[in-house]
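Asker: Enclosed is the structure file start-v2.cif (mmCIF, C-alpha atoms and all ligand atoms).
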data_my_file
loop_
_atom_site.label_atom_id
_atom_site.label_comp_id
_atom_site.auth_asym_id
_atom_site.auth_seq_id
_atom_site.Cartn_x
_atom_site.Cartn_y
_atom_site.Cartn_z
CA MET A 1 6.20 115.79 -90.89
CA LYS A 2 5.28 112.86 -88.64
CA SER A 3 3.04 112.96 -85.58
CA ILE A 4 3.88 110.09 -83.24
CA ALA A 5 1.87 109.14 -80.14
CA SER A 6 1.93 106.17 -77.84
CA ALA A 7 -0.40 104.93 -75.10
CA PRO A 8 -0.24 102.10 -72.55
CA GLY A 9 -2.42 99.00 -72.26
CA LYS A 10 -4.36 98.44 -69.07
CA ILE A 11 -5.70 96.00 -66.54
CA ILE A 12 -8.95 96.30 -64.65
CA LEU A 13 -8.27 95.45 -61.01
CA PHE A 14 -11.87 95.76 -59.84
CA GLY A 15 -15.27 96.51 -61.32
CA GLU A 16 -15.31 95.37 -64.97
CA HIS A 17 -18.80 94.90 -66.40
CA PHE A 18 -20.45 96.53 -63.38
CA VAL A 19 -18.77 99.79 -64.45
CA VAL A 20 -20.84 99.72 -67.65
CA HIS A 21 -23.90 99.94 -65.35
CA GLY A 22 -22.61 102.90 -63.36
CA THR A 23 -20.60 101.42 -60.48
CA PRO A 24 -16.99 102.53 -59.86
CA ALA A 25 -13.91 100.59 -60.98
CA ILE A 26 -10.17 100.51 -60.28
CA LEU A 27 -7.83 100.28 -63.26
CA ALA A 28 -4.09 100.51 -63.90
CA ALA A 29 -2.07 101.27 -67.02
CA ILE A 30 0.64 98.67 -67.73
CA ASP A 31 4.08 98.81 -69.29
CA LYS A 32 3.04 97.50 -72.71
CA ARG A 33 2.35 100.18 -75.32
CA VAL A 34 1.02 100.91 -78.75
CA ALA A 35 2.59 103.61 -80.95
CA VAL A 36 0.68 105.30 -83.78
CA THR A 37 2.48 107.41 -86.42
CA SER A 38 0.51 109.69 -88.77
CA THR A 39 1.66 111.58 -91.87
CA PHE A 40 -0.05 113.60 -94.60
CA THR A 41 -0.23 112.10 -98.12
CA GLU A 42 -1.19 113.51 -101.52
CA ASN A 43 -3.58 110.62 -102.36
CA LYS A 44 -7.24 111.06 -101.47
CA THR A 45 -7.08 107.97 -99.25
CA ILE A 46 -6.65 106.86 -95.68
CA ARG A 47 -4.00 104.16 -95.45
CA VAL A 48 -3.59 102.18 -92.23
CA ASN A 49 -0.60 99.87 -91.75
CA SER A 50 -0.50 97.40 -88.91
CA GLU A 51 1.96 94.57 -88.62
CA MET A 52 0.21 93.06 -85.64
CA VAL A 53 -2.81 91.48 -87.30
CA LEU A 54 -4.18 92.96 -90.36
CA GLY A 55 -1.55 94.19 -92.76
CA THR A 56 -2.56 97.28 -94.72
CA LEU A 57 -5.91 98.84 -95.54
CA GLU A 58 -6.39 101.76 -97.95
CA VAL A 59 -9.82 103.35 -98.33
CA PRO A 60 -11.11 106.53 -100.00
CA THR A 61 -11.50 109.55 -97.74
CA HIS A 62 -14.87 111.07 -96.79
CA ILE A 63 -16.71 107.75 -96.47
CA PRO A 64 -18.03 107.31 -92.91
CA ALA A 65 -16.38 104.32 -91.20
CA ASP A 66 -19.70 102.56 -90.62
CA LYS A 67 -20.53 102.75 -94.34
CA LEU A 68 -17.33 101.01 -95.43
CA ARG A 69 -18.24 97.41 -96.15
CA HIS A 70 -14.84 95.81 -95.90
CA PRO A 71 -14.21 92.91 -93.48
CA ILE A 72 -11.29 94.55 -91.70
CA VAL A 73 -13.02 97.91 -91.42
CA GLU A 74 -15.87 96.13 -89.69
CA LEU A 75 -13.93 96.15 -86.48
CA PRO A 76 -10.29 96.86 -85.63
CA PHE A 77 -9.52 99.64 -88.13
CA ARG A 78 -12.82 101.46 -87.81
CA PRO A 79 -11.68 103.92 -85.08
CA PHE A 80 -8.69 104.93 -87.22
CA ILE A 81 -10.85 105.59 -90.28
CA TYR A 82 -13.29 107.53 -88.11
CA LEU A 83 -10.59 109.76 -86.60
CA ALA A 84 -8.81 110.30 -89.93
CA ASN A 85 -12.04 111.30 -91.69
CA LYS A 86 -12.97 113.64 -88.83
CA MET A 87 -9.67 115.49 -89.28
CA ILE A 88 -9.74 115.50 -93.09
CA ASN A 89 -13.34 116.77 -93.13
CA SER A 90 -12.39 119.75 -91.00
CA HIS A 91 -9.18 120.66 -92.92
CA GLN A 92 -9.82 121.35 -96.60
CA ASP A 93 -6.12 121.54 -97.52
CA VAL A 94 -5.50 117.91 -96.50
CA ASN A 95 -5.79 115.18 -99.16
CA GLY A 96 -5.05 111.96 -97.34
CA LEU A 97 -3.38 110.39 -94.32
CA GLU A 98 -1.15 107.41 -93.67
CA ILE A 99 -1.33 105.86 -90.21
CA THR A 100 1.04 103.16 -88.91
CA ILE A 101 0.32 101.12 -85.79
CA ASP A 102 3.07 99.38 -83.85
CA SER A 103 1.96 97.52 -80.74
CA ASP A 104 3.31 95.20 -78.08
CA ILE A 105 -0.08 94.78 -76.38
CA PRO A 106 -1.66 91.35 -77.00
CA ILE A 107 -4.93 91.74 -78.93
CA GLY A 108 -8.42 90.78 -77.79
CA VAL A 109 -7.49 89.46 -74.38
CA GLY A 110 -8.57 92.28 -72.07
CA LEU A 111 -5.31 94.24 -71.89
CA GLY A 112 -6.68 97.39 -73.50
CA SER A 113 -5.20 97.02 -76.97
CA SER A 114 -8.22 98.62 -78.62
CA SER A 115 -8.50 101.50 -76.10
CA ALA A 116 -4.75 102.19 -76.24
CA CYS A 117 -5.01 102.28 -80.06
CA CYS A 118 -7.91 104.76 -79.86
CA VAL A 119 -6.00 107.02 -77.43
CA ALA A 120 -2.71 106.90 -79.38
CA ALA A 121 -4.57 107.41 -82.69
CA ALA A 122 -6.53 110.40 -81.34
CA ALA A 123 -3.28 112.03 -80.14
CA SER A 124 -1.29 111.16 -83.25
CA ILE A 125 -3.86 112.12 -85.93
CA SER A 126 -4.99 115.31 -84.21
CA GLY A 127 -1.34 116.11 -83.46
CA LEU A 128 -0.75 116.66 -87.19
CA PHE A 129 -2.83 119.81 -86.75
CA LYS A 130 -2.38 120.87 -83.12
CA GLU A 131 -1.40 119.51 -79.73
CA LEU A 132 -4.46 118.47 -77.74
CA SER A 133 -4.89 118.38 -73.97
CA SER A 134 -5.32 114.98 -72.28
CA GLU A 135 -9.04 115.77 -71.80
CA GLU A 136 -9.46 116.43 -75.53
CA ILE A 137 -7.57 113.26 -76.47
CA LEU A 138 -9.73 111.24 -74.08
CA LYS A 139 -12.98 112.65 -75.46
CA MET A 140 -11.93 111.92 -79.03
CA SER A 141 -10.66 108.42 -78.19
CA ILE A 142 -13.96 107.46 -76.55
CA GLU A 143 -15.85 108.69 -79.64
CA ALA A 144 -13.54 106.51 -81.77
CA GLU A 145 -13.97 103.47 -79.51
CA LYS A 146 -17.74 103.83 -79.76
CA THR A 147 -17.48 103.04 -83.50
CA ILE A 148 -16.66 99.47 -82.52
CA PHE A 149 -18.25 99.22 -79.07
CA PRO A 150 -21.04 101.76 -78.51
CA ASP A 151 -21.66 100.75 -74.86
CA THR A 152 -18.11 101.37 -73.65
CA SER A 153 -17.92 102.69 -70.10
CA GLY A 154 -14.97 104.89 -71.14
CA ALA A 155 -12.92 103.55 -68.21
CA ASP A 156 -10.31 101.86 -70.43
CA CYS A 157 -9.58 104.93 -72.58
CA THR A 158 -9.40 107.01 -69.39
CA VAL A 159 -6.63 104.97 -67.79
CA CYS A 160 -4.76 104.62 -71.12
CA THR A 161 -4.79 108.44 -71.38
CA TYR A 162 -3.75 109.35 -67.84
CA GLY A 163 -1.64 106.28 -66.89
CA GLY A 164 -1.02 105.10 -63.32
CA MET A 165 -3.66 103.49 -61.14
CA ILE A 166 -7.00 105.29 -60.99
CA GLU A 167 -10.43 105.04 -59.56
CA TYR A 168 -13.09 105.50 -62.23
CA PRO A 169 -15.16 107.62 -62.81
CA SER A 170 -13.58 110.06 -60.32
CA ILE A 171 -10.20 109.70 -62.13
CA GLU A 172 -8.56 109.98 -58.73
CA LYS A 173 -5.00 108.69 -58.89
CA ILE A 174 -4.11 105.95 -56.42
CA ASP A 175 -0.45 106.55 -55.57
CA ASN A 176 -0.04 104.06 -52.78
CA THR A 177 0.24 100.84 -54.79
CA PHE A 178 2.47 99.23 -52.10
CA GLY A 179 4.70 97.48 -54.64
CA LEU A 180 1.86 95.30 -55.91
CA ASN A 181 3.28 92.28 -57.65
CA LEU A 182 0.71 91.58 -60.29
CA LEU A 183 1.02 88.70 -62.68
CA ILE A 184 -0.96 88.51 -65.86
CA ALA A 185 -1.77 85.07 -67.24
CA ASN A 186 -3.20 84.90 -70.75
CA SER A 187 -5.69 82.07 -71.39
CA MET A 188 -4.86 82.55 -75.09
CA ILE A 189 -8.62 82.47 -75.76
CA PRO A 190 -9.58 85.72 -77.56
CA HIS A 191 -12.76 87.34 -76.39
CA ASN A 192 -15.28 89.78 -77.77
CA THR A 193 -16.08 92.56 -75.33
CA LYS A 194 -19.33 93.51 -77.08
CA ASN A 195 -20.68 89.94 -76.84
CA SER A 196 -19.71 89.60 -73.17
CA VAL A 197 -21.32 92.94 -72.33
CA GLU A 198 -24.52 91.85 -74.14
CA LYS A 199 -24.52 88.62 -72.14
CA VAL A 200 -24.36 90.63 -68.91
CA ASN A 201 -27.22 92.86 -70.16
CA LYS A 202 -29.30 89.68 -70.58
CA PHE A 203 -28.42 88.56 -67.04
CA LYS A 204 -29.57 91.96 -65.81
CA GLU A 205 -32.84 91.79 -67.78
CA ASN A 206 -33.58 88.33 -66.36
CA ASP A 207 -32.85 89.23 -62.74
CA GLU A 208 -32.86 93.01 -62.16
CA GLU A 209 -32.96 92.59 -58.39
CA ARG A 210 -29.89 90.34 -58.10
CA PHE A 211 -27.97 92.46 -60.60
CA SER A 212 -28.68 95.56 -58.57
CA GLN A 213 -27.52 93.76 -55.39
CA LEU A 214 -24.30 92.78 -57.19
CA CYS A 215 -23.72 96.41 -58.24
CA ASP A 216 -24.13 97.47 -54.61
CA LEU A 217 -21.75 94.74 -53.48
CA GLU A 218 -19.18 95.84 -56.09
CA THR A 219 -19.43 99.48 -54.94
CA LYS A 220 -18.89 98.42 -51.31
CA LEU A 221 -16.00 96.15 -52.31
CA ILE A 222 -14.24 99.03 -54.08
CA ASP A 223 -14.58 101.21 -50.97
CA GLU A 224 -12.98 98.42 -48.96
CA VAL A 225 -10.17 98.09 -51.51
CA ILE A 226 -9.40 101.82 -51.27
CA THR A 227 -9.18 101.50 -47.47
CA ALA A 228 -6.98 98.40 -47.79
CA MET A 229 -4.63 100.32 -50.08
CA LYS A 230 -4.42 103.23 -47.64
CA ASN A 231 -3.49 100.70 -44.94
CA ASN A 232 -0.88 98.86 -47.08
CA ASP A 233 -3.00 95.77 -46.57
CA ALA A 234 -2.14 93.42 -49.45
CA THR A 235 -3.95 90.47 -47.84
CA THR A 236 -7.32 92.24 -47.89
CA PHE A 237 -6.61 93.56 -51.39
CA GLY A 238 -6.07 89.96 -52.57
CA LEU A 239 -9.18 88.66 -50.81
CA LYS A 240 -11.23 91.39 -52.51
CA MET A 241 -9.87 90.31 -55.91
CA SER A 242 -11.14 86.78 -55.29
CA GLU A 243 -14.47 88.14 -54.01
CA ASN A 244 -14.81 90.23 -57.18
CA GLN A 245 -14.12 87.07 -59.24
CA LYS A 246 -17.13 85.40 -57.56
CA TYR A 247 -19.37 88.26 -58.75
CA LEU A 248 -17.95 87.87 -62.28
CA GLU A 249 -18.65 84.13 -62.15
CA GLU A 250 -22.21 84.85 -61.07
CA ILE A 251 -22.81 87.09 -64.11
CA GLN A 252 -21.36 84.26 -66.22
CA VAL A 253 -18.35 85.88 -67.82
CA SER A 254 -15.94 83.28 -66.49
CA ASN A 255 -15.50 79.84 -68.05
CA GLU A 256 -13.88 76.48 -67.31
CA THR A 257 -10.43 77.44 -68.62
CA ILE A 258 -10.38 80.64 -66.56
CA ASN A 259 -11.71 78.88 -63.45
CA GLY A 260 -9.03 76.18 -63.92
CA MET A 261 -6.26 78.80 -64.16
CA ILE A 262 -7.57 80.58 -61.08
CA SER A 263 -7.68 77.43 -59.00
CA SER A 264 -4.14 76.44 -60.13
CA LEU A 265 -2.84 79.80 -58.87
CA LYS A 266 -4.80 79.70 -55.61
CA GLU A 267 -2.09 78.21 -53.38
CA ILE A 268 0.53 80.85 -54.27
CA SER A 269 -1.59 83.99 -54.78
CA LEU A 270 -3.27 86.39 -52.39
CA GLY A 271 -6.09 86.81 -54.92
CA THR A 272 -6.82 86.04 -58.56
CA LYS A 273 -9.49 87.24 -60.97
CA ILE A 274 -10.41 87.92 -64.57
CA THR A 275 -9.26 91.27 -65.92
CA GLY A 276 -11.43 92.81 -68.64
CA ALA A 277 -14.50 91.36 -70.30
CA GLY A 278 -13.79 87.69 -69.48
CA ASP A 279 -15.05 84.71 -71.52
CA GLY A 280 -11.35 84.04 -72.15
CA GLY A 281 -8.74 86.79 -72.11
CA CYS A 282 -6.48 87.22 -69.10
CA VAL A 283 -6.48 86.66 -65.36
CA ILE A 284 -4.47 88.73 -62.89
CA ALA A 285 -2.96 87.34 -59.71
CA LEU A 286 -1.53 89.19 -56.73
CA VAL A 287 1.59 87.22 -55.85
CA LYS A 288 4.24 87.63 -53.14
CA ASP A 289 7.81 88.10 -54.43
CA GLU A 290 8.97 84.68 -53.26
CA ASN A 291 6.20 82.96 -55.25
CA VAL A 292 6.58 84.71 -58.62
CA SER A 293 8.95 82.08 -60.03
CA LYS A 294 6.49 79.28 -59.19
CA VAL A 295 3.72 80.63 -61.42
CA PRO A 296 4.67 79.25 -64.89
CA ALA A 297 4.88 75.66 -63.59
CA LEU A 298 1.35 75.89 -62.18
CA LEU A 299 -0.24 76.85 -65.49
CA PRO A 300 -0.80 74.72 -68.59
CA LYS A 301 2.07 75.00 -71.09
CA ASP A 302 -0.02 76.84 -73.69
CA LYS A 303 -0.70 79.83 -71.37
CA GLU A 304 1.52 82.91 -71.41
CA CYS A 305 2.32 84.74 -68.23
CA PHE A 306 4.25 87.89 -67.38
CA SER A 307 4.65 90.42 -64.61
CA ALA A 308 2.76 93.71 -64.95
CA LYS A 309 4.51 96.93 -64.02
CA ILE A 310 2.30 99.96 -63.59
CA ASP A 311 2.84 102.62 -66.28
CA THR A 312 2.77 106.17 -65.01
CA ARG A 313 3.37 107.94 -68.33
CA GLY A 314 -0.06 107.67 -69.97
CA VAL A 315 -0.39 109.05 -73.49
CA GLU A 316 2.71 110.68 -75.00
CA TRP A 317 3.01 112.67 -78.21
CA LYS A 318 5.76 114.25 -80.32
CA ARG A 319 6.22 115.68 -83.81
CA GLU A 320 9.18 114.87 -86.07
CA GLU A 321 10.20 116.58 -89.29
O1 LIG A 401 -11.76 93.22 -72.11
P1 LIG A 401 -11.71 94.68 -72.36
O2 LIG A 401 -10.33 95.21 -72.34
O3 LIG A 401 -12.42 95.05 -73.64
O4 LIG A 401 -12.43 95.40 -71.14
C1 LIG A 401 -13.84 95.49 -71.08
C2 LIG A 401 -14.30 96.08 -69.78
C3 LIG A 401 -15.82 96.15 -69.63
O5 LIG A 401 -16.08 96.62 -68.31
C4 LIG A 401 -16.43 94.76 -69.76
C5 LIG A 401 -16.46 97.08 -70.65
C6 LIG A 401 -16.26 98.56 -70.40
O6 LIG A 401 -16.54 99.34 -71.33
O7 LIG A 401 -15.88 98.99 -69.29
#
Show me, as structure tokens, the structure contained in the file I just sent.

Answerer:
Amino acid sequence: MKSIASAPGKIILFGEHFVVHGTPAILAAIDKRVAVTSTFTENKTIRVNSEMVLGTLEVPTHIPADKLRHPIVELPFRPFIYLANKMINSHQDVNGLEITIDSDIPIGVGLGSSSACCVAAAASISGLFKELSSEEILKMSIEAEKTIFPDTSGADCTVCTYGGMIEYPSIEKIDNTFGLNLLIANSMIPHNTKNSVEKVNKFKENDEERFSQLCDLETKLIDEVITAMKNNDATTFGLKMSENQKYLEEIQVSNETINGMISSLKEISLGTKITGAGDGGCVIALVKDENVSKVPALLPKDKECFSAKIDTRGVEWKREE
């Protein structure tokens, strides 16, 4: 018997970093997905197969993920080992598990590859035993994500679970997305969310007052974005993206490459900003239909760019004999 789950990647439209400190954020799931397939095995091991980066890892069961001193357990596979052990520990009749990851979400560039993996893995591994509700999958996926990034706001796993465009933390769905034409441009510079979040913590420690003002400004900006969306006002939406980018530059998560990409896209976009942790990763640009084809020529040849469609499916799960 196989338990197969898939979950979408995501973009953060507004509020990354500040959301870790309690302000709201707006996120959308995108039409790039990861699928995780789980099966029982007779060996007393957890075997994880992933073509995307790491090949295969096989470790004994019952060893907590943070005690496994193996370079590839240090980060990307840790949530899988955590979830597998959690299930095996609570089901005495199970010897081992084999988990296979198949993803079309680029890794380490702010498109939610790690959160989507945690959500799909939570649904797939637990699905071997029983079908969970979305709320249960979300709770388990955040626990798993915390094994690699303890300070996670939980916003990423939330949108990967429910899909669509949401305000976080209210999880209110935003249905009126007025045909937003969002382009994602990948700087091809991988980033490390944990390091970027620590850098922002330092900024906060050094200047509590300014950081608190920025959090207030971000909260106000998100209110204005919600109003703009209700009014089908793409121009204001775009301006708010660029305003949000200024706040991200102030907390120092942008860099020269990202700033260069943003200024190259300025003439044809209504607004452009980092999406995700920054320090590399991706930028998103709100672009009118007639300008979409002009984007690749404006960016350096080594940057990838593609159009983001909003995913409305969220996490999906099925069992196969
Ligand atoms: O770059 P990503 O996909 O890891 O997104 C990180 C978003 C942060 O706001 C910086 C962290 C968080 O937990 O919300």

Asker: For ligand LIG 401 (chain A), collect every residue having any atom at a distance of at most 6 Å from a ligand atom (counting all atoms listed in the file); output as a ChimeraX atom specification.

Answerer: /A:16-17,19-20,110-112,152-155,193,197,276-277

Asker: May I ask for the distance between atom CA of Asn192 of chain A and atom CA of Ser113 of chain A, given in Å to one decimal place?

Answerer: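 Straight-line distance from atom CA of Asn192 of chain A to atom CA of Ser113 of chain A works out to 12.4 Å.
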
Asker: Per residue of segment 149-198 of chain A within 7 Å of segment 118-140 of chain A, note the shortest atom pair and the distance in Å to one decimal, counting all atoms listed in the file, and order the rows by chain and increasing residue number, as CSV.

Answerer:
residue,atom,partner,partner_atom,distance
A:Cys157,CA,A:Val119,CA,6.4
A:Thr158,CA,A:Leu138,CA,6.3
A:Cys160,CA,A:Val119,CA,6.9
A:Thr161,CA,A:Leu138,CA,6.3

Asker: Which residue, A:Phe149, A:Phe14, A:Tyr162, A:Phe77, has the smallest gap to Asn195 of chain A when you use all atoms listed in the file?

Answerer: A:Phe149

Asker: For segment 201-215 of chain A, please output as a list in words all residues within 10 Å (counting all atoms listed in the file; exclusion window: fewer than 4 positions along the same chain).

Answerer: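 What passes the distance filter is Gly15, His17, Phe18, Val19, Val20, His21, Gly22, Thr23, Pro24, Asn195, Ser196, Val197, Thr219, Lys220, Leu221, Asn244, Tyr247, Leu248, Glu250, Ile251 and Gln252 of chain A.
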
Asker: If we count all atoms listed in the file and set the cut-off at 7 Å, which residues sit around Ile26 of chain A, ignoring sequence neighbours fewer than 3 positions away in its own chain? Please answer as a list in words.

Answerer: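 The neighbour list is Ile12, Leu13, Phe14, Gly15, Ile166, Glu167 and Tyr168 of chain A.
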
Asker: The selected residues should be written to file as a compact mmCIF listing (two decimals), in the frame of the given file (atoms: C-alpha atoms).

Answerer:
# COMPACT_ATOMS: atom_id res chain seq x y z
CA ILE A 12 -8.95 96.30 -64.65
CA LEU A 13 -8.27 95.45 -61.01
CA PHE A 14 -11.87 95.76 -59.84
CA GLY A 15 -15.27 96.51 -61.32
CA ILE A 166 -7.00 105.29 -60.99
CA GLU A 167 -10.43 105.04 -59.56
CA TYR A 168 -13.09 105.50 -62.23

Asker: Of the residues A:Phe40, A:Trp317, A:Phe80, A:Phe237, which is the one nearest to Ala144 of chain A, using all atoms listed in the file?

Answerer: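 Under the stated criterion, the closest residue is A:Phe80.
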
Asker: Within 12 Å of Gly271 of chain A, counting all atoms listed in the file, which residues show up once you throw out same-chain ones fewer than 5 positions away? Write them as a PyMOL selection string, please.

Answerer: chain A and resi 13-14+180-183+234-246+262-266+283-288

Asker: Atom CA of Asp175 of chain A to atom CA of Ser307 of chain A: how many Å, to one decimal?

Answerer: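 Taking atom CA of Asp175 of chain A as the start and atom CA of Ser307 of chain A as the end point, the length is 19.2 Å.
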
Asker: For atom CA of Ser3 of chain A and atom CA of Val159 of chain A, quote the distance in Å rounded to one decimal.

Answerer: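 Spanning atom CA of Ser3 of chain A to atom CA of Val159 of chain A is a straight-line distance of 21.8 Å.
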
Asker: Quick one: axis-aligned box around all listed atoms of segment 264-282 of chain A, 8 Å on every side, centre and edge lengths in Å to one decimal, written as AutoDock Vina command-line options.

Answerer:
--center_x -7.3 --center_y 84.6 --center_z -62.3 --size_x 31.6 --size_y 32.4 --size_z 35.8

Asker: Can you list, as an MDAnalysis selection string, every protein, DNA or RNA residue that comes within 9 Å of Glu58 of chain A when you count all atoms listed in the file, leaving out same-chain residues fewer than 6 positions away?

Answerer: chainID A and resid 45:49 98

Asker: What residues have an atom no more than 10 Å from (-3.8, 90.7, -82.9) in the file's own frame, counting all atoms listed in the file, and can you write them as a PDB file with C-alpha atoms, in the coordinates of the input?

Answerer:
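Saved as part_36.pdb:
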ATOM      1  CA  SER A  50      -0.500  97.400 -88.910  1.00  0.00           C
ATOM      2  CA  GLU A  51       1.960  94.570 -88.620  1.00  0.00           C
ATOM      3  CA  MET A  52       0.210  93.060 -85.640  1.00  0.00           C
ATOM      4  CA  VAL A  53      -2.810  91.480 -87.300  1.00  0.00           C
ATOM      5  CA  LEU A  54      -4.180  92.960 -90.360  1.00  0.00           C
ATOM      6  CA  PRO A  76     -10.290  96.860 -85.630  1.00  0.00           C
ATOM      7  CA  SER A 103       1.960  97.520 -80.740  1.00  0.00           C
ATOM      8  CA  ASP A 104       3.310  95.200 -78.080  1.00  0.00           C
ATOM      9  CA  ILE A 105      -0.080  94.780 -76.380  1.00  0.00           C
ATOM     10  CA  PRO A 106      -1.660  91.350 -77.000  1.00  0.00           C
ATOM     11  CA  ILE A 107      -4.930  91.740 -78.930  1.00  0.00           C
ATOM     12  CA  GLY A 108      -8.420  90.780 -77.790  1.00  0.00           C
ATOM     13  CA  VAL A 109      -7.490  89.460 -74.380  1.00  0.00           C
ATOM     14  CA  SER A 113      -5.200  97.020 -76.970  1.00  0.00           C
ATOM     15  CA  PRO A 190      -9.580  85.720 -77.560  1.00  0.00           C
TER      16      PRO A 190
END

Asker: So which one's closest to Asn259 of chain A, A:Val225, A:Ile142, A:Val315, A:Leu299? Using all atoms listed in the file, please.

Answerer: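 Answer, going by the shortest atom-to-atom distance: A:Leu299.
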
Asker: Which residue gives the smallest distance to Asp151 of chain A among A:Glu218, A:Phe178, A:Asn232, A:Lys194, with only C-alpha atoms counted?

Answerer: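 The answer is A:Lys194, which sits nearest to Asp151 of chain A.
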
Asker: Using all atoms listed in the file, determine which residues lie at most 12 Å from Asn176 of chain A, disregarding the query and same-chain residues fewer than 5 positions distant; provide the list as a ChimeraX atom specification.

Answerer: /A:164-166,225-234,310
